[in-house]
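*Asks:* Below: one structure in structure tokens.
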Amino acid sequence: MLTRREALFGTITGAATAALLTSAVAPTPAQAKAVNVGNLPRQRVDLVAPPFVHAHEQVASGGPKIVEFLLTVKEQPIVIDNDGTTMQAMTYNGSIPAPMMVVHEDDYVELTLVNPDTNEMPHNVDFHAATGALGGAALTTVNPGEQATLRFKATRAGTFVYHCAPAGMIPWHVVSGMSGTIMVLPREGLKDENGQPLHYDRIFYIGENDFYIPRDENGKFKNFASLGDSYDETLNVMRGLIPTHVVFNGKVGALTGDNALKANVGETVLFVHAQANRDTRPHLIGGHGDHVWEMGKFHNPPAKDLETWFVRGGSAGAALYTFRQPGIYAYVNHNLIEAAELGATAHIMVDGEWDNDLMVQVSAPSPIATY
Ligand SMILES: [Cu+2]
């Protein structure tokens, strides 16, 4: 059991982590370059749970602004498969993945992080989109009962992971659910490889997680009474590097069957796929990536016509696809064992008219003819 004191003051053993911490020095006023953002307009955005994304402009209609977001840490048990396996999860706003934030390049992100006093652990946010102070983690570390507000300038366009990074406990917090995505759009919107504008009709936000659930002496997944109780055994499973679950949006089946995503033939969908901890390889069965920013960074020209794309652990990729045929599509991690056995599958139900030019069954199955 991890005590509150150990959680607060660290169980740091690695030299690398210790080095990280000593470099995490917040600037004193004398060192800081003054900025004046007082005249910028402010916009408060209420975040929505994945796979959906809050309303946003694709092309910015005005100049840079300050965009305010609120994340509240929720430590809570979450059911992660159809057998009722329960993980002592740590989340931002109660969802896995955490909500997507969308801003434009040169906007200022102003995040307030609230850690209610009912929680056990300290938490923070490391924004891969931010510059300095461990991505903001050094300036947002809040104990239970505290809140902090961070402002950073979104200077790089793309899809970026954010995640919790508390001293001595970074991987545990990340694989327990504390990661999300921020999308920084170019002010003029997305462009193809020739600089022509690209637009999406829908955006689907898929967060992939690898979970490490301890088993009991009979091989059954264990439920723990509290987050702290789950720590030691969970860490042992994590150190084996073999996940027990690889899921989209927090749970086996979170995006399949009745929870399938929906689109229409002719619509262009932007798939944003985040994995904060481990490599993955999204693939749309029966479709493609028309334009893919595999690394998620929009000032690089998109790759075209991809069958499968690679999303590095600790990053978020983006893929645009215009659906041309109706049907139920499976969107998978194309490590098919992870897709079919561990959970990394989503469905997209697409309505519309079938195009026989693209595909037709020339003859239905029948007994083998004699030639
Ligand atoms: Cu945390």
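Every chain in the structure tokens takes a letter, A first, then B, and so on in the order presented; its residues are numbered from 1, and the ligands are numbered from 1 following the presented order.
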Mind checking DSSP for stretch 93-311 of chain A and telling me the alpha helix (DSSP H) residues as a list in words?
*Replies:*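 Taking stretch 93-311 of chain A and keeping alpha helix (DSSP H) only, one gets Ala137, Ala138, Leu139, Thr140, Ile170, Pro171, Trp172, His173, Val174, Val175, Leu227, Gly228, Asp229, Ser230, Tyr231, Asp232, Glu233, Thr234, Leu235, Asn236, Val237, Met238 and Arg239 of chain A.
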*Asks:* Put those residues in a file: N, CA and C atoms, as a CSV table (one decimal), in the first residue's frame.
*Replies:*
```
chain,number,residue,atom,x,y,z
A,137,ALA,N,4.1,20.3,-16.1
A,137,ALA,CA,3.9,19.4,-14.9
A,137,ALA,C,4.5,20.0,-13.6
A,138,ALA,N,5.6,20.7,-13.8
A,138,ALA,CA,6.2,21.3,-12.6
A,138,ALA,C,5.4,22.4,-12.0
A,139,LEU,N,4.5,23.0,-12.8
A,139,LEU,CA,3.8,24.2,-12.3
A,139,LEU,C,2.3,23.8,-12.0
A,140,THR,N,1.9,22.6,-12.2
A,140,THR,CA,0.5,22.2,-12.0
A,140,THR,C,0.4,21.1,-10.9
A,170,ILE,N,5.1,8.3,-12.4
A,170,ILE,CA,4.6,8.7,-13.8
A,170,ILE,C,3.9,7.6,-14.5
A,171,PRO,N,4.6,6.4,-14.7
A,171,PRO,CA,3.9,5.4,-15.5
A,171,PRO,C,2.6,4.9,-14.9
A,172,TRP,N,2.6,4.8,-13.6
A,172,TRP,CA,1.4,4.3,-12.9
A,172,TRP,C,0.2,5.2,-13.2
A,173,HIS,N,0.4,6.5,-13.1
A,173,HIS,CA,-0.7,7.4,-13.3
A,173,HIS,C,-1.1,7.4,-14.8
A,174,VAL,N,-0.2,7.2,-15.7
A,174,VAL,CA,-0.5,7.2,-17.1
A,174,VAL,C,-1.3,5.9,-17.5
A,175,VAL,N,-0.8,4.8,-17.0
A,175,VAL,CA,-1.5,3.6,-17.4
A,175,VAL,C,-2.8,3.3,-16.6
A,227,LEU,N,-7.3,2.6,-4.5
A,227,LEU,CA,-6.2,2.9,-5.4
A,227,LEU,C,-4.9,2.6,-4.8
A,228,GLY,N,-4.7,3.0,-3.6
A,228,GLY,CA,-3.4,2.7,-2.9
A,228,GLY,C,-3.1,1.2,-2.7
A,229,ASP,N,-4.2,0.4,-2.5
A,229,ASP,CA,-4.1,-1.0,-2.3
A,229,ASP,C,-3.6,-1.7,-3.6
A,230,SER,N,-4.0,-1.1,-4.8
A,230,SER,CA,-3.7,-1.7,-6.1
A,230,SER,C,-2.2,-1.4,-6.5
A,231,TYR,N,-1.5,-0.5,-5.8
A,231,TYR,CA,-0.3,0.0,-6.4
A,231,TYR,C,0.8,-1.1,-6.5
A,232,ASP,N,1.1,-1.8,-5.5
A,232,ASP,CA,2.3,-2.7,-5.5
A,232,ASP,C,2.1,-3.8,-6.6
A,233,GLU,N,1.0,-4.5,-6.6
A,233,GLU,CA,0.8,-5.6,-7.5
A,233,GLU,C,0.6,-5.0,-9.0
A,234,THR,N,0.0,-3.9,-9.1
A,234,THR,CA,-0.1,-3.3,-10.5
A,234,THR,C,1.3,-3.0,-11.0
A,235,LEU,N,2.1,-2.5,-10.2
A,235,LEU,CA,3.5,-2.1,-10.6
A,235,LEU,C,4.2,-3.4,-11.1
A,236,ASN,N,4.0,-4.5,-10.4
A,236,ASN,CA,4.6,-5.8,-10.8
A,236,ASN,C,4.2,-6.2,-12.1
A,237,VAL,N,2.9,-6.1,-12.4
A,237,VAL,CA,2.4,-6.4,-13.8
A,237,VAL,C,3.0,-5.5,-14.8
A,238,MET,N,3.0,-4.2,-14.5
A,238,MET,CA,3.5,-3.2,-15.4
A,238,MET,C,5.0,-3.5,-15.8
A,239,ARG,N,5.8,-3.9,-14.8
A,239,ARG,CA,7.2,-4.2,-15.1
A,239,ARG,C,7.4,-5.4,-16.0
```
*Asks:* Got a sec to check which residues lie within 10 Å of ligand 1, using only C-alpha atoms and all ligand atoms, and send them as an MDAnalysis selection string?
*Replies:* chainID A and resid 73:75 89:92 115 120:125 141:143 163:167 169:174 176:179
*Asks:* Could you please write out, as an MDAnalysis selection string, every residue of stretch 56-201 of chain A that DSSP assigns to strand (DSSP E)?
*Replies:* chainID A and resid 66:79 86:92 100:104 108:115 126:127 146:153 158:163 179:185 190:191 197:198
*Asks:* Rounded to one decimal in Å, what is the spacing between atom CA of A:Ile337 and atom CA of A:Pro50?
*Replies:*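 We find that atom CA of A:Ile337 and atom CA of A:Pro50 lie 24.3 Å from each other.
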*Asks:* Considering only C-alpha atoms, can you say which of A:Lys304, A:His56, A:Lys251, A:His291 comes closest to A:Arg187?
*Replies:* A:His56
*Asks:* Choose the residue, out of A:Gly84, A:Pro144, A:Gly253, A:Pro97, that has the smallest atom-to-atom separation from A:Asn119; count only C-alpha atoms.
*Replies:*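 Checking each candidate against A:Asn119, we get A:Pro144 as the closest.
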*Asks:* Just want the 12 Å neighbourhood of A:Asn82, counted on only C-alpha atoms, with same-chain residues fewer than 5 positions away dropped. Output as an mmCIF file with N, CA, C and O atoms, in the first residue's frame.
*Replies:*
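Result file is selection.cif:
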```cif
data_model
loop_
_atom_site.group_PDB
_atom_site.id
_atom_site.type_symbol
_atom_site.label_atom_id
_atom_site.label_comp_id
_atom_site.auth_asym_id
_atom_site.auth_seq_id
_atom_site.Cartn_x
_atom_site.Cartn_y
_atom_site.Cartn_z
ATOM 1 N N HIS A 245 -5.004 -5.760 -21.002
ATOM 2 C CA HIS A 245 -6.042 -5.168 -21.836
ATOM 3 C C HIS A 245 -5.373 -4.113 -22.722
ATOM 4 O O HIS A 245 -4.496 -3.380 -22.241
ATOM 5 N N VAL A 247 -7.188 -1.291 -25.020
ATOM 6 C CA VAL A 247 -8.567 -0.895 -25.316
ATOM 7 C C VAL A 247 -8.618 0.498 -25.925
ATOM 8 O O VAL A 247 -7.698 1.299 -25.779
ATOM 9 N N GLY A 250 -11.162 3.386 -22.983
ATOM 10 C CA GLY A 250 -11.298 3.009 -21.578
ATOM 11 C C GLY A 250 -11.851 1.645 -21.278
ATOM 12 O O GLY A 250 -11.788 1.192 -20.135
ATOM 13 N N LYS A 251 -12.386 0.946 -22.286
ATOM 14 C CA LYS A 251 -13.083 -0.296 -21.974
ATOM 15 C C LYS A 251 -13.188 -1.143 -23.233
ATOM 16 O O LYS A 251 -13.394 -0.603 -24.331
ATOM 17 N N VAL A 252 -13.076 -2.432 -23.077
ATOM 18 C CA VAL A 252 -13.370 -3.338 -24.193
ATOM 19 C C VAL A 252 -14.806 -3.044 -24.647
ATOM 20 O O VAL A 252 -15.724 -3.011 -23.824
ATOM 21 N N GLY A 253 -14.992 -2.787 -25.932
ATOM 22 C CA GLY A 253 -16.349 -2.554 -26.444
ATOM 23 C C GLY A 253 -16.873 -1.147 -26.248
ATOM 24 O O GLY A 253 -18.049 -0.887 -26.521
ATOM 25 N N ALA A 254 -16.030 -0.218 -25.832
ATOM 26 C CA ALA A 254 -16.499 1.165 -25.625
ATOM 27 C C ALA A 254 -16.984 1.799 -26.929
ATOM 28 O O ALA A 254 -17.792 2.730 -26.904
ATOM 29 N N LEU A 342 -7.509 -8.526 -26.965
ATOM 30 C CA LEU A 342 -7.321 -7.627 -25.822
ATOM 31 C C LEU A 342 -8.238 -6.408 -25.830
ATOM 32 O O LEU A 342 -8.342 -5.718 -24.824
ATOM 33 N N GLY A 343 -8.895 -6.134 -26.973
ATOM 34 C CA GLY A 343 -9.923 -5.089 -26.927
ATOM 35 C C GLY A 343 -9.780 -3.914 -27.866
ATOM 36 O O GLY A 343 -10.687 -3.080 -27.921
#
```
*Asks:* Could you check how far atom CA of A:Gly132 sits from atom CA of A:Gln31, in Å to one decimal?
*Replies:* 13.4 Å
*Asks:* Go through A:Thr244, A:Asn264, A:Thr72, A:Asn36 and flag the residue nearest A:Val350, using only C-alpha atoms for the distances.
*Replies:* A:Asn264
*Asks:* So that I can check the surroundings of A:Trp309, please list as a list in words every protein, DNA and RNA residue that reaches within 10 Å of it, counting only C-alpha atoms and ignoring chain neighbours fewer than 5 positions away.
*Replies:* Thr280, Arg281, Pro282, His283, Leu284, His288, Gly289, Val292, Trp293, Glu294, Met295, Ala303, Gly317, Ala318, Ala319, Asn333 and His334 of chain A
*Asks:* Which residue is closest to A:Arg156? Choose from A:Val45, A:Ala133, A:Ile182, A:Ala263 and count only C-alpha atoms.
*Replies:*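 Once distances to A:Arg156 are computed over only C-alpha atoms, the minimum belongs to A:Ile182.
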*Asks:* Please report the interatomic distance between atom CA of A:His199 and atom CA of A:Asp290 in Å with one decimal.
*Replies:*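 Distance reported for this atom pair: 12.3 Å.
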*Asks:* Please determine, counting only C-alpha atoms, which residue among A:Gly257, A:Pro64, A:Gly158, A:Gly94 has the shortest atom-to-atom distance to A:Ala274.
*Replies:*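 With only C-alpha atoms as the atom set, the closest residue is A:Gly158.
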*Asks:* Considering only C-alpha atoms, state which residue in the set A:Gly189, A:Pro326, A:Gly207, A:Gly180 is at the smallest distance from A:His128.
*Replies:*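 Of the candidates, the smallest distance to A:His128 is held by A:Gly180.
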